[in-house]
Every structure is written in C-alpha cells, then in structure tokens.
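Presented below is the structure to which this report refers.
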Amino acid sequence: MRIMLEVRDLSIGYKGKSLLEGVSLSACAGEMIAVLGENGCGKTTLLRTLAGNLAPLAGSMTLNGIPLNSLNVRRRASLVSYMAQDIVPEAGLCGMDRIEMSFYHQKGLFGKLTHKERADVYRLAERFGIAHLLDRDLVEMSTGERQTVMLLGAALQDTPLLLLDEPASALDFNRTEQLFSLLRYLCSQGRTVVIVLHDPTQALRYATKLCKISAGRVDLLDPTRMDTAQLECSLREIYPNLRIHTDPLFCYTDGREGEENADL
Amino acid sequence: MIGNKCCKGKLLLALALLTTVLAVAAVLLGSYPLTLPDMLRGLRELPLSREEQTMATRVLWQLRIPRMLMALLTGAVLGVCGGVYQMLFHSPLASPDLTGVASGASLGAAVAIVLGVGSSAARMGFAFFGGVLSLLLVMLLVRFAGGERVGTYILAGIVISSLADAGLMVMKTVADPERQLAAIEFWTMGSFGAASADKLLPFAVIVLPTLLLLLLLHRPVSMLSLGNDACRAMGLSPNVWRTLLLLLATLSVSAAVSVSGVIGFVGLTAPHIARLLYKRRSGAFLLVCALMGSSLLLAADIAAKTLVAGAELPISIFTVAAGVPVLVVLLCSRGRREA
C-alpha cells in the first residue's frame, strides 16, 4: 500500500521545551492509527502539531509527498481536518452553523451550500440521530451531542487525513458504535484517520495500527504483525493490568457497516 | 427550519421599520419644530440655492438630516463592532471601548481643546488620530508580547487605555478650568449637538465602507468565535483575520467617537439585545446589531435634544439609562438558565 502520511524525526513541544523527540510515523491510505498514552504524555500536542496548530521544533511531516508545514492554512484544511477536545464555545452558533464552516476551504468567504449539500448534511445527521441538533445552540447541547456535531463537521470537511482528539470521550454506547462505523467507512474510502483514544479496547478493536506513547518514546505497533503476548507485553507499559482476549463483538459490527454507510 | 427563517426575516423587517420611524422622528423633533410637510417641501427645495431655501429647509439639510445620519451610522458602528468584539474575544463583556479606542480618542480631543485648536473639524481629526494611535499601540504591544491568546488583546487594550486616561488627566489639569475643562468634560459624555453637513462627509467616507465590510465578513467572525485551533483546522488563519477585523472595527469606532465623543454602553447593550431577539450569532446577527445600535442611539438622541427645551443633554445619560435595565434582564435570564 502507498504511504500517505509520513512523519520523520519530529520534535514536538512548546517554545523550546520539547515534549517528544524523534517521532516517526507512517500511515497508508485507509489506515486508522490509534494514539494511546497516559494523560499529559503529549497525545494532544502531537495531534495539534500534525494539524498545524503548533509548529514542530524539528523534523518533517508530509502528506502524499507534500510537506504539510509549507502549506497555507486554507490549502491545508483541504487536506487535514482536526477535531479538538471538547471546548464549550461562547453561545450563539447552532449545529448547522458549525457544519457549514467545514465547507469554508471549498466555499470561501461568501459561498453558500448548495441544496444538494444541505440535503446530504441533513441525511447524514439523521442517520446519526442528530438532525434535531442542527438548529440547536452548541452550548445547549450535551458534551456527547456536541462531539457528534463536531465529528460530522470534521468528516464533511472531506479531507484525506482526519485527526481526532478523543472524539469518543463523552459518547454513549450507540454513538460510539456509530462513530467507529463512520470511521471505518471513511477508511474504506481511502482516508487516513489518526485518533486519540483512552480505551485500549476500542483501539484494539477498530484501529489498524497503534501509536503508543510512553516514557517520552513513541512506538508504532502493528497488531497484525505481532502475536497477542508481544502486544500485551508492549501495551502493559501504559496499561499494567491489560489482558487481551479475542473479541466476540467483532463479527457483530463487521457485517453491517458496509451497507449502513453505503450512501455517505 | 423554514418557519425559523421566516421569523428572522420578520424580525429584521420590524427592526428596519423601527429604525426608520425613529430616524424620521429624529429629523422632525428638536428645538426648531419641523413637520412632515416641511420635510417634503425640503426635499423639493434641495436643488435651490441656499438663499432661496426656506428656514425650515436649511435646518433640515444643514442640521437635522446630518445629525440623524450621524446618530444612525454611529449607532450601527457601535452595535456591529460590539458584536464583533464580543465574538472575537469570546467575552460578553467586550465592547468597543475595550481596545483603548475611546480613551485614545478622548485624549486626542482633549489635546486639541487644550491647544486651542479652533475648528471642530480639526478637533475631530485629533480625536480620530488619538483613537487610531491607541489601536496601533495595542497591536504593537500584542505583537511584541507574541500573544496568540485572546486575553493578550484585552490586557493590551487595558494597558493602552489606562495610559490614555492618564494623559487625559494631565490635559484636564493643565486645561483652563473655565472654558476648556468644561469642553473636555462635555466631549467625554458624548453628544450629536455639533453635527453638521460638512462633518458628515469625512465621517461617512471612513465609516460606510468599514461597516459594509464588517457586515459582509460575518463568516470569519463566527469562525473565530470557535477559537484559534478550530478556526485554523477549518482553513481560516486566525491571527490574520482577527487583526484585520479588529482594524476595521476599531477604525470605524475611532471615526464614530471622534465625531460624537464617548458614548457609553451602546456597544455593549446593542449586541446583547440583538442576541436576545435573534437567538443566533451567525448569518444576519451583525445586521441586527447594527439596526439595534442605530435605534438605541436615535432614541437616545431624540431624548437628549427634546427632554429639556433649548438645552442639549449628554447622550450617554440616555444610552446608559436604557442599557442598564436590559443588562439586568439579561443577567437574570442567564442566572436562571444556569441554575
């Protein structure tokens, strides 16, 4: 498979104080990388750097061979979408306002959504059970509802690379299922997803690779190339009590997700 | 959704109507009584030379209409800029005074008064220069501090504002207590009493294009209200746009303040009322702010010139008097929602 995202020897951190050094990652089109690690280990900093919100201290990042740092903001937004952790924005914007903004890189300052695009947004929102939220103020939503709106916004930005910072932290069980089913659909369309997760179960169940951050080191693990014992041993650096079993839920989600998302 | 849209259209229409009614009232009311027929005759007599016009027509074109337009535009500027500041700074407290413009302009005007600069146009120029200078200083300070954060602007605004206030105090101390001090005090309370046709043009040349641009650029304003990271992720450079929007807003506020003096509270209350009525802060929100600001200021100006026959009262008395109950209602509804 062709390598899409390539990160080499990246040093990240804030103003001269580096948090992680020598970060190297690569991801092919259609892969989902789960970033795992304890609080404060640099997961969010890594994502913010990849998203261009923080300048890297050293190293390079390329997407399809294009150096990400040389792009202007708008061009970059057509390649990379980023969903930050939940921040409660000042009141006054409804769900649809937020989603419309995801089209900024295509539409510019004055362009409006076409009827078809609007209908697409509503259809997708309906399937996620959030059509009623499109008219509601972001502040009046629950955190989980807001996360779903933000996620939809990121997905509709239509970029080859999606960076999601704990998108599932406040989602209920059904929404979490829907989230991963959407992400797997996006991956099947050749998009690459980098997602910060706190639950190793979700990571092992849905991600194709694991990016483990512990003790200032970043390792990219490929579960398909390791046996369970190796994987368990490696992940115990973060989760000391982890034990990996085969997953009875896998067949349940696998069969349905194709048809469910066929009309995205 | 569609019912919603229709409702918002009606709201805009109602506000536009209110503004028009107040504008006509502002033209008719005043120490020299004018009637509707006078106004219509005035329209007919416009092409005539000044000597051929009746007294009523001259009052209409030289005083009333310029004054009405100034109040209308200043209100719109304060309303829109208040809305823009509140969204850019994520703060319900942000208002056009925040960036130090009002204080800077006051200092400029006070310097002009103390130096004995005669013409009011020159005084206006001094005030405008003071306002723009304080804006530039704020921007410079923010750049120097390397601040990406919203709070940096507010802090820089407070610093420059205090500096200008100190300068204003110096001016008040050296001012001749009989004439100049009163003029400075009156200026800082705001009034449209000195409005005239020849002041309208330079004012409108600055204010109209900036106002129009701000109304058109509502998309970046609402994107910026989601914060720097989200904004950049969606493809809008937050620093570039924040600077640009602040420049536009502050430029128009300086122009407004330099004509009318410091007018308290409209920039704070108009956006809050607009929010209360319009419910959203996207789409036509800034237009609602503009109409709200205009209506408030026109109403306050009518009160300022008619309440005491033959005297001009400072307009801030009325804008504050109207603003306080609104803010109290807002505060209560806020508290109830959170409880």
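Ordered as shown in the structure tokens, chains take letters A, B, and onward, while each chain numbers its residues from 1 and ligands are numbered from 1 in the order shown.
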Define the interface residues of chain B facing chain A as those within 9 Å, counting only C-alpha atoms, and report them as a ChimeraX atom specification.
/B:1,87,90-92,216-220,222-223,225-237,275,279-283
Show which residues sit within 7 Å of region 24-26 of chain B, as a PyMOL selection string. Count only C-alpha atoms, and ignore same-chain residues fewer than 3 positions away.
chain B and resi 20-21+29+68+298+302
Determine, counting only C-alpha atoms, which protein, DNA and RNA residues have an atom within 9 Å of an atom of Leu152 (chain A); residues of the same chain fewer than 2 positions away are not included. Present the result as an NGL selection string.
:A and (99 or 121 or 124-125 or 128 or 147-150 or 154-157)
If DSSP is run on the backbone, what residues of region 28-257 of chain A are helix (DSSP H, G or I)? A reply as a ChimeraX atom specification would be ideal.
/A:43-51,68-70,73-77,95-101,104-107,115-127,131-133,138-140,143-156,173-188,200-206,223-225,228-235,250-257
Just the number, please: distance in Å from CA of Leu291 (chain B) to CA of Thr19 (chain B), one decimal.
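Taking CA of Leu291 (chain B) as the start and CA of Thr19 (chain B) as the end point, the length is 6.6 Å.
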